[in-house]
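Text of data_3.cif, listed as mmCIF, C-alpha atoms:
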data_work
#
loop_
_atom_site.label_atom_id
_atom_site.label_comp_id
_atom_site.auth_asym_id
_atom_site.auth_seq_id
_atom_site.Cartn_x
_atom_site.Cartn_y
_atom_site.Cartn_z
CA MET A 1257 103.33 117.29 86.36
CA GLN A 1258 102.90 120.28 84.05
CA ASP A 1259 104.42 122.42 86.76
CA GLU A 1260 107.44 120.09 86.88
CA ALA A 1261 107.89 120.35 83.11
CA LYS A 1262 107.78 124.15 83.35
CA LEU A 1263 110.30 124.12 86.17
CA LEU A 1264 112.56 121.87 84.16
CA THR A 1265 112.45 124.21 81.17
CA GLN A 1266 113.33 127.15 83.42
CA LEU A 1267 116.19 125.17 84.94
CA LYS A 1268 117.73 124.70 81.52
CA LEU A 1269 117.62 128.37 80.56
CA ASP A 1270 120.50 130.54 81.77
CA ASP A 1271 118.28 133.51 82.57
CA SER A 1272 115.86 131.61 84.77
CA LYS A 1273 118.15 128.86 86.05
CA GLU A 1274 119.04 130.33 89.43
CA LEU A 1275 115.52 131.28 90.36
CA ALA A 1276 114.14 127.93 89.20
CA PHE A 1277 116.83 126.17 91.20
CA LYS A 1278 115.74 128.01 94.33
CA THR A 1279 112.19 126.81 93.71
CA LEU A 1280 113.47 123.29 93.21
CA VAL A 1281 115.41 123.40 96.49
CA LYS A 1282 112.40 124.77 98.34
CA ARG A 1283 110.15 122.08 96.92
CA TYR A 1284 112.34 119.04 97.42
CA LYS A 1285 114.74 119.78 100.30
CA GLU A 1286 112.63 118.08 102.96
CA ARG A 1287 111.90 114.93 101.02
CA LEU A 1288 115.51 114.54 99.93
CA TYR A 1289 116.79 115.33 103.40
CA TRP A 1290 114.73 112.58 105.03
CA HIS A 1291 115.72 110.12 102.33
CA ILE A 1292 119.41 110.92 102.90
CA ARG A 1293 119.08 111.03 106.68
CA LYS A 1294 117.76 107.48 106.80
CA ILE A 1295 120.83 106.31 104.91
CA VAL A 1296 123.56 108.28 106.66
CA ILE A 1297 121.83 108.46 110.08
CA SER A 1298 123.42 111.59 111.59
CA HIS A 1299 122.00 115.03 110.93
CA ASP A 1300 125.36 116.66 110.19
CA ASP A 1301 126.20 114.05 107.58
CA ALA A 1302 122.73 114.36 106.07
CA ASP A 1303 123.18 118.11 105.83
CA ASP A 1304 126.51 117.71 103.99
CA VAL A 1305 125.11 115.13 101.60
CA LEU A 1306 122.01 117.23 100.94
CA GLN A 1307 124.19 120.20 99.96
CA ASN A 1308 126.29 118.00 97.68
CA THR A 1309 123.17 116.50 96.16
CA PHE A 1310 121.78 119.89 95.22
CA ILE A 1311 125.11 121.01 93.81
CA LYS A 1312 125.20 117.88 91.67
CA ILE A 1313 121.61 118.42 90.57
CA PHE A 1314 122.43 122.00 89.57
CA ARG A 1315 125.52 120.95 87.65
CA ASN A 1316 123.84 118.10 85.83
CA ILE A 1317 120.38 119.42 85.18
CA ASP A 1318 121.25 120.00 81.51
CA LYS A 1319 121.99 116.30 81.16
CA PHE A 1320 118.57 115.31 82.48
CA LYS A 1321 116.70 114.11 79.43
CA GLY A 1322 113.34 113.53 81.04
CA ASP A 1323 113.45 109.74 80.64
CA SER A 1324 112.28 109.48 84.23
CA LYS A 1325 110.47 111.79 86.63
CA LEU A 1326 112.53 114.73 87.87
CA TYR A 1327 112.02 113.69 91.47
CA THR A 1328 113.13 110.08 90.89
CA TRP A 1329 116.23 111.40 89.11
CA MET A 1330 116.99 113.60 92.13
CA TYR A 1331 116.37 110.71 94.51
CA ARG A 1332 118.83 108.66 92.49
CA ILE A 1333 121.47 111.36 92.86
CA ALA A 1334 120.74 111.64 96.59
CA THR A 1335 121.02 107.87 97.01
CA ASN A 1336 124.32 107.71 95.13
CA GLU A 1337 125.71 110.69 97.02
CA SER A 1338 124.77 109.10 100.35
CA ILE A 1339 126.37 105.77 99.47
CA THR A 1340 129.50 107.46 98.14
CA PHE A 1341 129.66 109.53 101.32
CA LEU A 1342 129.41 106.45 103.54
CA ASN A 1343 132.02 104.57 101.52
CA SER A 1344 134.52 107.41 101.69
CA LYS A 1345 133.83 107.96 105.39
CA ALA A 1346 134.51 104.28 106.06
CA LYS A 1347 137.70 104.50 104.04
CA GLN A 1348 138.77 107.66 105.83
CA ASN A 1349 138.19 106.08 109.25
CA GLN A 1350 139.77 102.83 108.03
CA VAL A 1351 136.80 100.73 109.06
CA SER A 1352 134.34 98.55 107.18
CA ASN A 1353 130.92 99.88 106.18
CA GLU A 1354 129.35 97.57 108.77
CA THR A 1355 131.51 99.00 111.57
CA LEU A 1356 130.73 102.51 110.42
CA ASN A 1357 127.03 101.69 110.58
CA GLU A 1358 127.37 100.16 114.05
CA ASN A 1359 129.22 103.25 115.28
CA ALA A 1360 126.54 105.52 113.87
CA LEU A 1361 123.86 103.54 115.68
CA GLN A 1362 125.79 103.68 118.94
CA ASN A 1363 126.07 107.44 118.59
CA LEU A 1364 122.34 107.64 117.94
CA VAL A 1365 121.56 106.98 121.61
CA ALA A 1366 123.27 110.22 122.60
CA ASP A 1367 122.30 112.13 119.45
CA VAL A 1368 120.38 115.31 120.22
CA TYR A 1369 118.64 114.96 116.89
CA PHE A 1370 117.20 111.58 117.70
CA GLU A 1371 114.16 111.49 119.91
CA GLY A 1372 113.14 107.92 119.27
CA ASP A 1373 111.97 105.61 122.00
CA GLU A 1374 113.29 102.14 122.65
CA ILE A 1375 111.32 100.48 119.87
CA GLN A 1376 112.40 103.11 117.33
CA LEU A 1377 116.01 102.60 118.26
CA LYS A 1378 115.50 98.86 117.92
CA LEU A 1379 113.93 99.40 114.52
CA GLN A 1380 116.98 101.36 113.38
CA LYS A 1381 119.22 98.54 114.59
CA ALA A 1382 117.07 96.02 112.77
CA ILE A 1383 117.29 98.06 109.53
CA ALA A 1384 121.06 98.23 109.93
CA GLN A 1385 121.24 94.41 109.85
CA LEU A 1386 119.82 94.34 106.33
CA PRO A 1387 121.88 94.37 103.14
CA ARG A 1388 122.20 97.87 101.64
CA THR A 1389 119.57 97.45 98.91
CA GLN A 1390 117.01 96.02 101.33
CA GLN A 1391 117.68 98.95 103.67
CA LEU A 1392 117.00 101.41 100.87
CA VAL A 1393 113.86 99.62 99.71
CA PHE A 1394 112.52 99.28 103.24
CA ASN A 1395 113.09 102.93 104.11
CA MET A 1396 111.57 104.21 100.90
CA ARG A 1397 108.50 102.01 101.10
CA TYR A 1398 107.84 101.81 104.82
CA PHE A 1399 108.37 105.43 105.83
CA ASP A 1400 107.91 107.34 102.58
CA THR A 1401 105.43 105.01 100.79
CA ILE A 1402 107.20 105.55 97.49
CA LYS A 1403 105.58 103.62 94.66
CA TYR A 1404 107.43 100.57 93.41
CA LYS A 1405 107.36 102.05 89.92
CA ASP A 1406 109.20 105.17 91.10
CA MET A 1407 111.51 103.14 93.28
CA SER A 1408 112.35 101.07 90.23
CA GLU A 1409 113.51 104.26 88.48
CA ILE A 1410 115.50 105.40 91.49
CA LEU A 1411 117.29 102.12 92.15
CA GLU A 1412 117.27 100.89 88.55
CA THR A 1413 115.86 97.54 89.64
CA SER A 1414 112.73 95.71 88.49
CA GLU A 1415 109.51 96.24 90.43
CA GLY A 1416 109.23 92.51 91.10
CA ALA A 1417 112.67 92.38 92.68
CA LEU A 1418 111.88 95.44 94.79
CA LYS A 1419 108.64 93.94 96.08
CA ALA A 1420 110.43 90.75 97.00
CA SER A 1421 113.19 92.77 98.71
CA TYR A 1422 110.65 94.73 100.71
CA HIS A 1423 108.73 91.69 101.92
CA ILE A 1424 111.93 89.93 102.92
CA ALA A 1425 113.09 93.09 104.73
CA VAL A 1426 109.81 93.36 106.67
CA LYS A 1427 110.02 89.71 107.65
CA LYS A 1428 113.61 90.05 108.84
CA ILE A 1429 112.86 93.20 110.82
CA LYS A 1430 109.86 91.60 112.49
CA ALA A 1431 111.97 88.62 113.42
CA TYR A 1432 114.70 90.90 114.80
CA LEU A 1433 112.23 92.87 116.91
CA ASN A 1434 110.71 89.69 118.29
CA ALA A 1435 114.11 88.29 119.16
CA HIS A 1436 115.45 91.42 120.88
CA MET B 829 78.66 82.50 88.22
CA THR B 830 81.18 82.68 91.04
CA LEU B 831 83.70 85.48 91.42
CA ASN B 832 86.59 83.11 90.71
CA LYS B 833 85.10 82.03 87.43
CA THR B 834 84.65 85.63 86.35
CA HIS B 835 88.33 86.30 86.79
CA LYS B 836 89.46 83.04 85.30
CA ASN B 837 87.74 84.08 82.09
CA SER B 838 89.35 87.54 82.01
CA ALA B 839 92.63 88.26 80.26
CA PHE B 840 94.32 89.46 83.48
CA LYS B 841 97.12 87.47 85.02
CA ILE B 842 98.72 87.61 88.45
CA PRO B 843 102.20 86.60 89.61
CA LYS B 844 102.57 82.98 90.72
CA ASP B 845 101.47 82.39 94.36
CA TYR B 846 100.28 85.99 94.63
CA PHE B 847 97.26 85.23 96.82
CA GLU B 848 99.16 82.67 98.90
CA THR B 849 101.80 85.22 99.85
CA PHE B 850 99.69 88.39 99.83
CA ASP B 851 98.15 88.07 103.26
CA VAL B 852 101.43 87.05 104.89
CA ALA B 853 103.22 90.10 103.50
CA PHE B 854 100.28 92.37 104.23
CA PHE B 855 99.89 91.28 107.86
CA ASN B 856 103.61 91.32 108.49
CA GLU B 857 103.74 94.97 107.46
CA LEU B 858 100.59 95.85 109.36
CA GLU B 859 101.88 94.22 112.51
CA LEU B 860 105.16 96.07 112.23
CA LYS B 861 103.43 99.40 111.65
CA ASN B 862 101.36 98.81 114.76
CA GLN B 863 104.58 98.60 116.74
CA VAL B 864 106.53 101.44 115.16
CA LYS B 865 105.73 103.96 112.46
CA GLN B 866 108.30 106.74 112.70
CA THR B 867 112.08 106.85 112.56
CA GLY B 868 112.58 109.02 115.63
CA TYR B 869 114.95 111.35 113.76
CA LYS B 870 114.57 115.08 114.10
CA THR B 871 116.33 118.17 112.76
CA PRO B 872 117.56 121.36 114.42
CA GLU B 873 114.85 123.95 114.86
CA ASP B 874 114.04 125.87 111.66
CA TYR B 875 116.51 123.74 109.71
CA PHE B 876 114.32 123.58 106.63
CA ILE B 877 113.50 127.29 106.78
CA GLU B 878 117.14 128.21 106.96
CA PHE B 879 118.47 125.59 104.56
CA ASP B 880 119.71 127.08 101.34
CA ALA B 881 121.71 125.10 98.82
CA PRO B 882 124.65 127.06 97.43
CA ILE B 883 124.72 127.70 93.71
CA PRO B 884 128.18 126.69 92.43
CA LYS B 885 130.22 129.84 91.78
CA THR B 886 131.95 128.45 88.72
CA LEU B 887 128.63 128.12 86.95
CA LYS B 888 127.57 131.58 88.01
CA ALA B 889 130.78 132.97 86.58
CA ASN B 890 130.32 131.04 83.35
CA ASN B 891 126.82 132.44 82.94
CA SER B 892 127.85 136.06 83.37
CA ARG B 893 130.84 135.79 81.05
CA LYS B 894 128.97 134.52 78.01
CA LEU B 895 130.23 136.10 74.82
CA ASN B 896 128.21 137.22 71.92
CA LYS B 897 128.56 134.57 69.21
CA LYS B 898 129.61 137.17 66.64
CA TYR B 899 132.39 138.49 68.88
CA SER B 900 133.56 135.05 69.90
CA PHE B 901 133.91 134.19 66.18
CA TYR B 902 136.15 137.22 65.59
CA ILE B 903 138.17 136.58 68.74
CA SER B 904 138.70 132.94 67.80
CA GLY B 905 139.85 134.04 64.34
CA ILE B 906 142.33 136.56 65.69
CA ALA B 907 143.64 134.04 68.21
CA ALA B 908 144.13 131.40 65.51
CA THR B 909 145.99 133.91 63.30
CA LEU B 910 148.28 134.91 66.15
CA VAL B 911 149.05 131.27 66.93
CA LEU B 912 149.94 130.60 63.29
CA LEU B 913 152.13 133.73 63.07
CA PHE B 914 153.85 132.78 66.27
CA MET B 915 154.49 129.23 65.07
CA PHE B 916 156.04 130.25 61.75
CA SER B 917 158.08 133.25 62.94
CA TRP B 918 159.56 131.71 66.11
CA PRO B 919 163.11 130.33 65.69
CA ARG B 920 163.00 126.55 65.64
CA GLU B 921 165.24 125.55 68.45
CA GLU B 922 164.90 122.39 70.35
CA VAL B 923 163.50 123.25 73.70
CA GLN B 924 164.53 121.11 76.58
CA GLU B 925 162.21 120.78 79.49
CA ILE B 926 163.74 121.84 82.79
CA SER B 927 162.70 119.76 85.72
CA LEU B 928 161.75 121.33 89.01
CA GLU B 929 164.57 119.36 90.63
CA THR B 930 167.16 120.95 88.29
CA ILE B 931 165.90 124.42 89.12
CA GLU B 932 165.95 123.70 92.85
CA ASN B 933 169.48 122.26 92.62
CA TYR B 934 170.63 125.30 90.70
CA LEU B 935 169.26 127.65 93.32
CA MET B 936 170.65 125.64 96.22
CA ASN B 937 174.13 124.86 94.83
CA GLU B 938 175.24 128.00 93.03
CA GLU B 939 177.66 129.77 95.32
CA ASP B 940 176.76 133.30 94.33
CA GLN B 941 173.07 132.77 94.81
CA SER B 942 172.97 133.33 98.56
CA GLU B 943 172.46 137.04 98.16
CA ALA B 944 169.83 136.56 95.51
CA LEU B 945 168.03 134.05 97.68
CA SER B 946 168.01 136.47 100.58
CA ASN B 947 166.13 138.91 98.36
CA ILE B 948 163.20 136.58 97.91
CA LEU B 949 163.31 134.72 101.23
CA THR B 950 162.75 136.04 104.73
CA LEU B 951 165.14 135.37 107.62
CA GLU B 952 162.74 132.78 108.98
CA ASP B 953 162.59 131.09 105.57
CA LEU B 954 166.37 130.98 105.44
CA ASN B 955 166.56 129.41 108.89
CA ASN B 956 164.10 126.73 107.79
CA LEU B 957 165.68 126.22 104.40
CA SER B 958 165.64 122.42 104.55
CA THR B 959 161.87 122.29 104.98
CA LEU B 960 161.06 125.36 102.95
CA GLU B 961 158.42 125.13 100.28
CA VAL B 962 158.87 127.55 97.43
CA SER B 963 156.11 127.67 94.88
CA TYR B 964 156.78 126.82 91.27
CA SER B 965 155.71 130.28 90.13
CA GLU B 966 158.09 131.99 92.56
CA ILE B 967 161.00 129.95 91.20
CA GLU B 968 159.95 130.64 87.63
CA ASN B 969 159.72 134.38 88.24
CA TYR B 970 163.12 134.42 89.83
CA ILE B 971 164.74 132.56 86.96
CA LEU B 972 163.10 134.71 84.31
CA GLN B 973 164.45 137.83 85.95
CA ASN B 974 167.88 136.68 87.08
CA ALA B 975 169.26 133.58 85.39
CA SER B 976 170.35 132.84 81.85
CA VAL B 977 168.59 129.98 80.11
CA GLU B 978 171.88 128.62 78.77
CA THR B 979 173.23 128.05 82.26
CA LEU B 980 170.13 126.13 83.22
CA LEU B 981 170.18 124.00 80.06
CA ILE B 982 173.79 123.00 80.77
CA ASP B 983 172.78 122.02 84.31
#
What does the file become when written as structure tokens?
Amino acid sequence: MQDEAKLLTQLKLDDSKELAFKTLVKRYKERLYWHIRKIVISHDDADDVLQNTFIKIFRNIDKFKGDSKLYTWMYRIATNESITFLNSKAKQNQVSNETLNENALQNLVADVYFEGDEIQLKLQKAIAQLPRTQQLVFNMRYFDTIKYKDMSEILETSEGALKASYHIAVKKIKAYLNAH
Amino acid sequence: MTLNKTHKNSAFKIPKDYFETFDVAFFNELELKNQVKQTGYKTPEDYFIEFDAPIPKTLKANNSRKLNKKYSFYISGIAATLVLLFMFSWPREEVQEISLETIENYLMNEEDQSEALSNILTLEDLNNLSTLEVSYSEIENYILQNASVETLLID
């Protein structure tokens, strides 16, 4: 925590900004990547969004007031960047977000960067059936075990609502897996 | 004293139906995790070792070009003085804005411009004149050097 505060101070000073930013990238790239990857699905898209996320973090670090944890603030940026990316990709391809998602899942079977077995593929399909917020909540809780308190900062939603979302998502996914 | 009574007397509260729904939610998750725990996604080899987020160049440039506050004060002062001098000494004539279309028409329609055009355009450009794209700055430069403002204002 103290280390994070120190890093934040360095990020706001012109002399130490670049070096501190490199430390920040080194420390958070994996966590942010996996968070983004679960939203956008393909590796190439995740790579693009991760780059954009870090650029945005770098540009806006001076505006970060410390009202939340640094990592939840970065997760929020990564989430927004991923959603914006998907929306503009859907618009560009002139398809709905649902169709875009379906296409991404179809491509997953042949994706060299997916080594999941049948049940993992089914799980991804089950997640794709959920509304966007439930998808986010499920991914963050199920795979990354992010605390509801932190998730509440990232998604700007109450903890109670997030817990309810998660339990509903688990139930739906279980039902999907049983039915397919 | 039973365990329930102990808690009933404490000041702690729980959400409504917490215990009724807890085991359902807990076992649902547990059952799912027994079936599948991982996403199945992977990355190219050494992706995280090689990944390096670019630092935006504009910010880099801004950082290196920071002026000393004292100097920036003097420079701002000189600039303000020059602007004021310029404003008061410049003849007050009404300036009409020339549209890009007017300039293009002038260049395309004036009979004696063909030679001038050939100086700034290549043979290939001249052959493709209908689809040619000439930048605003190129047109501006040409007019500054070759045309009289009066002619353009009349047009």
Would you give me, as a Markdown table, each residue of chain B having an atom within 10 Å of an atom of chain A, along with its shortest atom pair and that distance in Å to one decimal, using only C-alpha atoms and sorting by chain and residue number?
| residue | atom | partner | partner_atom | distance |
| --- | --- | --- | --- | --- |
| B:Pro843 | CA | A:Gly1416 | CA | 9.3 |
| B:Thr849 | CA | A:His1423 | CA | 9.7 |
| B:Phe850 | CA | A:His1423 | CA | 9.8 |
| B:Val852 | CA | A:His1423 | CA | 9.1 |
| B:Ala853 | CA | A:His1423 | CA | 5.9 |
| B:Phe854 | CA | A:His1423 | CA | 8.8 |
| B:Asn856 | CA | A:Lys1427 | CA | 6.7 |
| B:Glu857 | CA | A:Val1426 | CA | 6.3 |
| B:Leu858 | CA | A:Val1426 | CA | 9.9 |
| B:Glu859 | CA | A:Lys1430 | CA | 8.4 |
| B:Leu860 | CA | A:Lys1430 | CA | 6.5 |
| B:Lys861 | CA | A:Tyr1398 | CA | 8.5 |
| B:Gln863 | CA | A:Ile1375 | CA | 7.7 |
| B:Val864 | CA | A:Gln1376 | CA | 6.5 |
| B:Lys865 | CA | A:Phe1399 | CA | 7.3 |
| B:Gln866 | CA | A:Phe1399 | CA | 7.0 |
| B:Thr867 | CA | A:Gln1376 | CA | 6.1 |
| B:Gly868 | CA | A:Gly1372 | CA | 3.8 |
| B:Tyr869 | CA | A:Phe1370 | CA | 4.5 |
| B:Lys870 | CA | A:Tyr1369 | CA | 4.9 |
| B:Thr871 | CA | A:Tyr1369 | CA | 5.7 |
| B:Pro872 | CA | A:Tyr1369 | CA | 6.9 |
| B:Glu873 | CA | A:Tyr1369 | CA | 10.0 |
| B:Tyr875 | CA | A:Asp1303 | CA | 9.6 |
| B:Phe876 | CA | A:Glu1286 | CA | 6.8 |
| B:Ile877 | CA | A:Lys1282 | CA | 8.9 |
| B:Phe879 | CA | A:Lys1285 | CA | 8.1 |
| B:Asp880 | CA | A:Val1281 | CA | 7.5 |
| B:Ala881 | CA | A:Gln1307 | CA | 5.6 |
| B:Pro882 | CA | A:Ile1311 | CA | 7.1 |
| B:Ile883 | CA | A:Ile1311 | CA | 6.7 |
| B:Pro884 | CA | A:Ile1311 | CA | 6.6 |
| B:Thr886 | CA | A:Arg1315 | CA | 9.9 |
| B:Leu887 | CA | A:Arg1315 | CA | 7.8 |
| B:Lys888 | CA | A:Glu1274 | CA | 8.7 |
| B:Asn890 | CA | A:Asp1270 | CA | 10.0 |
| B:Asn891 | CA | A:Asp1270 | CA | 6.7 |
| B:Ser892 | CA | A:Asp1270 | CA | 9.3 |
query: Any idea what the distance is between CA of Ser1414 in chain A and CA of Tyr1327 in chain A?
result: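 Computing the Euclidean distance for CA of Ser1414 in chain A and CA of Tyr1327 in chain A yields 18.2 Å.
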- request: Calculate how many Å separate CA of Ile1292 in chain A from CA of Ile1333 in chain A, rounding to one decimal.
  value: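 Going from CA of Ile1292 in chain A over to CA of Ile1333 in chain A, I get 10.3 Å.
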field: Point-to-point distance in Å for CA of Glu1337 in chain A and CA of Ala1417 in chain A
entry: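 Answer for the CA of Ala1417 in chain A to CA of Glu1337 in chain A separation: 22.9 Å.
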Reference answer for the PyMOL selection byres ((chain A and resi 1345) around 12), as number ranges by chain: A: 1296, 1301, 1305, 1337-1344, 1346-1357, 1359-1360
- prompt: Out of A:Thr1328, A:Gln1390, A:Asn1434, A:Ser1421, which residue has the shortest atom-to-atom distance to Asp1406 in chain A when counting only C-alpha atoms?
  reply: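 Nearest candidate to Asp1406 in chain A out of A:Thr1328, A:Gln1390, A:Asn1434, A:Ser1421: A:Thr1328.
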